[in-house]
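Asks: Take a look at the following structure, please.
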Amino acid sequence: MGAEIVPVSTTTRKSISKKQRALEILSRLKRLYPDATCSLNYTTTLQLLVATILSAQCTDERVNLVTPGLFSRFPDAPSLASADLTDLENLVRSTGFYRNKAKNIQAACRMIVSDYNSVVPNTMEQLLKLPGVARKTANVVLAHAYGINAGVTVDTHVKRLSQRLGLTKYPDPIHIEQDLMKLLPQPDWENWSIRLIYHGRSVCKARSPVCEACELADLCPSATKTIIVG
């Protein structure tokens with residue numbers, strides 16, 4: 001008696017279009033993770049911006065350990081803009097790439113102070129002008145601080161799962177985001193990302209996806225399941 005890896009039935013995923021499949025995945029994710037929300041801790045829009053910059057190549061849990069000390073010293077854009085750069089580097093060191101992150105945070109805050117009256121801007125175009133801010137960070141800030149779904153946040157989990165689920169063939173976040181925006185209703189763009197991140201952490205892991213326990217398996221062209229034969 002032994003275990004054999006075999007493909008999951010393709011009946012469901014072949015009988016509906018990619019858009020229908022994406023909507024069904026979205027529906028199931030909502031049921032699986034009804035209370036999913038942004039994992040970063042913050043109290044102001046500026047703090048959300050900074051925490052999201054720090055989350056690059058770093059877990060949200062680690063960022064949440066770092067930001068209380070950072071924000072107690074430098075709670076707003078003016079204080080971060082005038083902070084000693086070495087102090088900033090030391091405070092964010094454990095998030096990785098700390099020199100570049102500290103430099104970008106300070107440069108972004110200086111621009112926010114000088115160009116936006118110390119208020120984090122609320123448009124994609126303006127946010128992308130800030131040092132250290134790409135579409136991922138801008139999407140998070142716009143959605144959670146301003147209630148604006150300007151795009152789909154694509155982090156490593158969203159990238160991996162969107163590819164595995166057959167919703168995109170592209171490897172780069174820009175094209176993945178464009179594909180997902182065509183498949184999903186705009187009001188769900190951000191909650192899709194959050195719920196997919198939860199699923200990536202708990203089930204569809206990078207090295208060992210638990211396909212046999214995945215409630216999206218019948219919709220996933222990459223899914224396998226373990227059965228007992230012999």
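Here, A, B, ... name the chains of the structure tokens in the order displayed, residue numbers run from 1 inside each chain, and ligands are numbered from 1 in the same displayed order.
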Which residues of region 26-66 of chain A have any atom within 10 Å of an atom in region 209-222 of chain A when counting only C-alpha atoms, and what is the closest pair of atoms for each, with the distance in Å to one decimal? Order the rows by chain and rising number and write it as CSV.

Replies:
residue,atom,partner,partner_atom,distance
A:Leu26,CA,A:Leu216,CA,9.9
A:Arg28,CA,A:Leu216,CA,7.6
A:Leu29,CA,A:Leu216,CA,8.6
A:Leu32,CA,A:Glu215,CA,8.6

Asks: Kindly export the residues of the current selection with N, CA and C atoms, as an mmCIF file, in the first residue's frame.

Replies:
data_model
loop_
_atom_site.group_PDB
_atom_site.id
_atom_site.type_symbol
_atom_site.label_atom_id
_atom_site.label_comp_id
_atom_site.auth_asym_id
_atom_site.auth_seq_id
_atom_site.Cartn_x
_atom_site.Cartn_y
_atom_site.Cartn_z
ATOM 1 N N LEU A 26 -12.907 33.721 -5.893
ATOM 2 C CA LEU A 26 -13.152 34.866 -5.025
ATOM 3 C C LEU A 26 -14.252 34.550 -4.018
ATOM 4 N N ARG A 28 -15.214 31.666 -2.856
ATOM 5 C CA ARG A 28 -14.747 30.700 -1.858
ATOM 6 C C ARG A 28 -13.771 31.334 -0.878
ATOM 7 N N LEU A 29 -12.902 32.205 -1.385
ATOM 8 C CA LEU A 29 -11.964 32.895 -0.496
ATOM 9 C C LEU A 29 -12.707 33.750 0.530
ATOM 10 N N LEU A 32 -13.953 31.352 3.095
ATOM 11 C CA LEU A 32 -12.875 30.769 3.892
ATOM 12 C C LEU A 32 -12.245 31.766 4.857
#

Asks: Env of Tyr33 (chain A): 9 Å cut, atoms = only C-alpha atoms, seq-sep filter 5 positions within chain, self excluded. Answer as JSON, numbers by chain.

Replies: {"A": [28, 195, 198, 199]}

Asks: Show which residues sit within 8 Å of region 55-60 of chain A, as a ChimeraX atom specification. Count only C-alpha atoms, and ignore same-chain residues fewer than 4 positions away.

Replies: /A:39-40,51,64,95-96

Asks: Show me, as a ChimeraX atom specification, the residues that have an atom within 10 Å of Pro171 (chain A) when counting only C-alpha atoms, minus same-chain residues fewer than 3 positions from it.

Replies: /A:159-160,162-163,168,174-176

Asks: Output all heavy atoms for every residue in the selection just made, as a PDB file, in the first residue's frame.

Replies:
ATOM      1  N   LYS A 159       1.328  36.650  -6.383  1.00  0.00           N
ATOM      2  CA  LYS A 159       2.008  36.241  -7.612  1.00  0.00           C
ATOM      3  C   LYS A 159       2.010  34.725  -7.752  1.00  0.00           C
ATOM      4  O   LYS A 159       1.611  34.178  -8.792  1.00  0.00           O
ATOM      5  CB  LYS A 159       3.450  36.769  -7.607  1.00  0.00           C
ATOM      6  CG  LYS A 159       4.297  36.275  -8.775  1.00  0.00           C
ATOM      7  CD  LYS A 159       5.723  36.797  -8.672  1.00  0.00           C
ATOM      8  CE  LYS A 159       6.588  36.233  -9.793  1.00  0.00           C
ATOM      9  NZ  LYS A 159       7.988  36.739  -9.716  1.00  0.00           N
ATOM     10  N   ARG A 160       2.430  34.030  -6.707  1.00  0.00           N
ATOM     11  CA  ARG A 160       2.546  32.571  -6.764  1.00  0.00           C
ATOM     12  C   ARG A 160       1.186  31.902  -6.980  1.00  0.00           C
ATOM     13  O   ARG A 160       1.027  31.040  -7.846  1.00  0.00           O
ATOM     14  CB  ARG A 160       3.177  32.049  -5.466  1.00  0.00           C
ATOM     15  CG  ARG A 160       3.362  30.534  -5.429  1.00  0.00           C
ATOM     16  CD  ARG A 160       4.034  30.067  -4.160  1.00  0.00           C
ATOM     17  NE  ARG A 160       3.149  30.114  -3.000  1.00  0.00           N
ATOM     18  CZ  ARG A 160       3.225  31.017  -2.024  1.00  0.00           C
ATOM     19  NH1 ARG A 160       4.152  31.963  -2.079  1.00  0.00           N
ATOM     20  NH2 ARG A 160       2.394  30.974  -0.996  1.00  0.00           N
ATOM     21  N   SER A 162      -1.704  33.230  -8.083  1.00  0.00           N
ATOM     22  CA  SER A 162      -2.350  33.595  -9.343  1.00  0.00           C
ATOM     23  C   SER A 162      -1.793  32.766 -10.500  1.00  0.00           C
ATOM     24  O   SER A 162      -2.537  32.373 -11.408  1.00  0.00           O
ATOM     25  CB  SER A 162      -2.166  35.085  -9.622  1.00  0.00           C
ATOM     26  OG  SER A 162      -2.808  35.870  -8.643  1.00  0.00           O
ATOM     27  N   GLN A 163      -0.497  32.496 -10.450  1.00  0.00           N
ATOM     28  CA  GLN A 163       0.113  31.649 -11.467  1.00  0.00           C
ATOM     29  C   GLN A 163      -0.341  30.207 -11.319  1.00  0.00           C
ATOM     30  O   GLN A 163      -0.713  29.555 -12.301  1.00  0.00           O
ATOM     31  CB  GLN A 163       1.637  31.751 -11.385  1.00  0.00           C
ATOM     32  CG  GLN A 163       2.183  33.099 -11.808  1.00  0.00           C
ATOM     33  CD  GLN A 163       3.663  33.252 -11.514  1.00  0.00           C
ATOM     34  OE1 GLN A 163       4.188  32.657 -10.571  1.00  0.00           O
ATOM     35  NE2 GLN A 163       4.340  34.053 -12.316  1.00  0.00           N
ATOM     36  N   THR A 168      -2.986  33.852 -14.645  1.00  0.00           N
ATOM     37  CA  THR A 168      -2.021  34.662 -15.381  1.00  0.00           C
ATOM     38  C   THR A 168      -0.870  33.768 -15.808  1.00  0.00           C
ATOM     39  O   THR A 168      -0.558  32.779 -15.142  1.00  0.00           O
ATOM     40  CB  THR A 168      -1.497  35.834 -14.543  1.00  0.00           C
ATOM     41  OG1 THR A 168      -0.632  36.647 -15.350  1.00  0.00           O
ATOM     42  CG2 THR A 168      -0.725  35.348 -13.333  1.00  0.00           C
ATOM     43  N   ILE A 174       3.399  43.678 -12.689  1.00  0.00           N
ATOM     44  CA  ILE A 174       2.610  44.617 -13.487  1.00  0.00           C
ATOM     45  C   ILE A 174       1.623  43.868 -14.382  1.00  0.00           C
ATOM     46  O   ILE A 174       0.421  44.178 -14.412  1.00  0.00           O
ATOM     47  CB  ILE A 174       3.519  45.523 -14.338  1.00  0.00           C
ATOM     48  CG1 ILE A 174       4.384  46.421 -13.442  1.00  0.00           C
ATOM     49  CG2 ILE A 174       2.675  46.367 -15.288  1.00  0.00           C
ATOM     50  CD1 ILE A 174       3.594  47.404 -12.623  1.00  0.00           C
ATOM     51  N   HIS A 175       2.097  42.863 -15.112  1.00  0.00           N
ATOM     52  CA  HIS A 175       1.219  42.098 -15.997  1.00  0.00           C
ATOM     53  C   HIS A 175       0.243  41.234 -15.208  1.00  0.00           C
ATOM     54  O   HIS A 175      -0.904  41.050 -15.622  1.00  0.00           O
ATOM     55  CB  HIS A 175       2.055  41.232 -16.952  1.00  0.00           C
ATOM     56  CG  HIS A 175       2.633  41.978 -18.106  1.00  0.00           C
ATOM     57  ND1 HIS A 175       3.936  42.402 -18.130  1.00  0.00           N
ATOM     58  CD2 HIS A 175       2.075  42.399 -19.266  1.00  0.00           C
ATOM     59  CE1 HIS A 175       4.165  43.043 -19.268  1.00  0.00           C
ATOM     60  NE2 HIS A 175       3.059  43.054 -19.982  1.00  0.00           N
ATOM     61  N   ILE A 176       0.684  40.692 -14.070  1.00  0.00           N
ATOM     62  CA  ILE A 176      -0.218  39.902 -13.224  1.00  0.00           C
ATOM     63  C   ILE A 176      -1.371  40.785 -12.750  1.00  0.00           C
ATOM     64  O   ILE A 176      -2.544  40.389 -12.799  1.00  0.00           O
ATOM     65  CB  ILE A 176       0.542  39.307 -12.020  1.00  0.00           C
ATOM     66  CG1 ILE A 176       1.530  38.244 -12.497  1.00  0.00           C
ATOM     67  CG2 ILE A 176      -0.444  38.701 -11.010  1.00  0.00           C
ATOM     68  CD1 ILE A 176       2.456  37.741 -11.407  1.00  0.00           C
TER      69      ILE A 176
END

Asks: Could you give me, as a PyMOL selection string, the residues within 10 Å of Ala150 (chain A), counting only C-alpha atoms and dropping anything in the same chain fewer than 5 positions from it?

Replies: chain A and resi 123-124+135+138-140+142-143+181+186-187+189-190

Asks: Could you check the closest approach to Gly166 (chain A) for each of A:Leu180, A:Leu70, A:Ala81, A:Val119 and tell me which residue wins, using only C-alpha atoms?

Replies: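 Of the candidates, the smallest distance to Gly166 (chain A) is held by A:Leu180.
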
Asks: Given only C-alpha atoms as the basis, pick out the residue of A:Ala77, A:Ile25, A:Ala145, A:Val92 nearest to Asn117 (chain A).

Replies: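 Closest to Asn117 (chain A), using only C-alpha atoms: A:Ala77.
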
Asks: Please run DSSP on the backbone and report, as an NGL selection string, all residues within region 17-51 of chain A that come out as helix (DSSP H, G or I).

Replies: :A and (18-32 or 45-51)
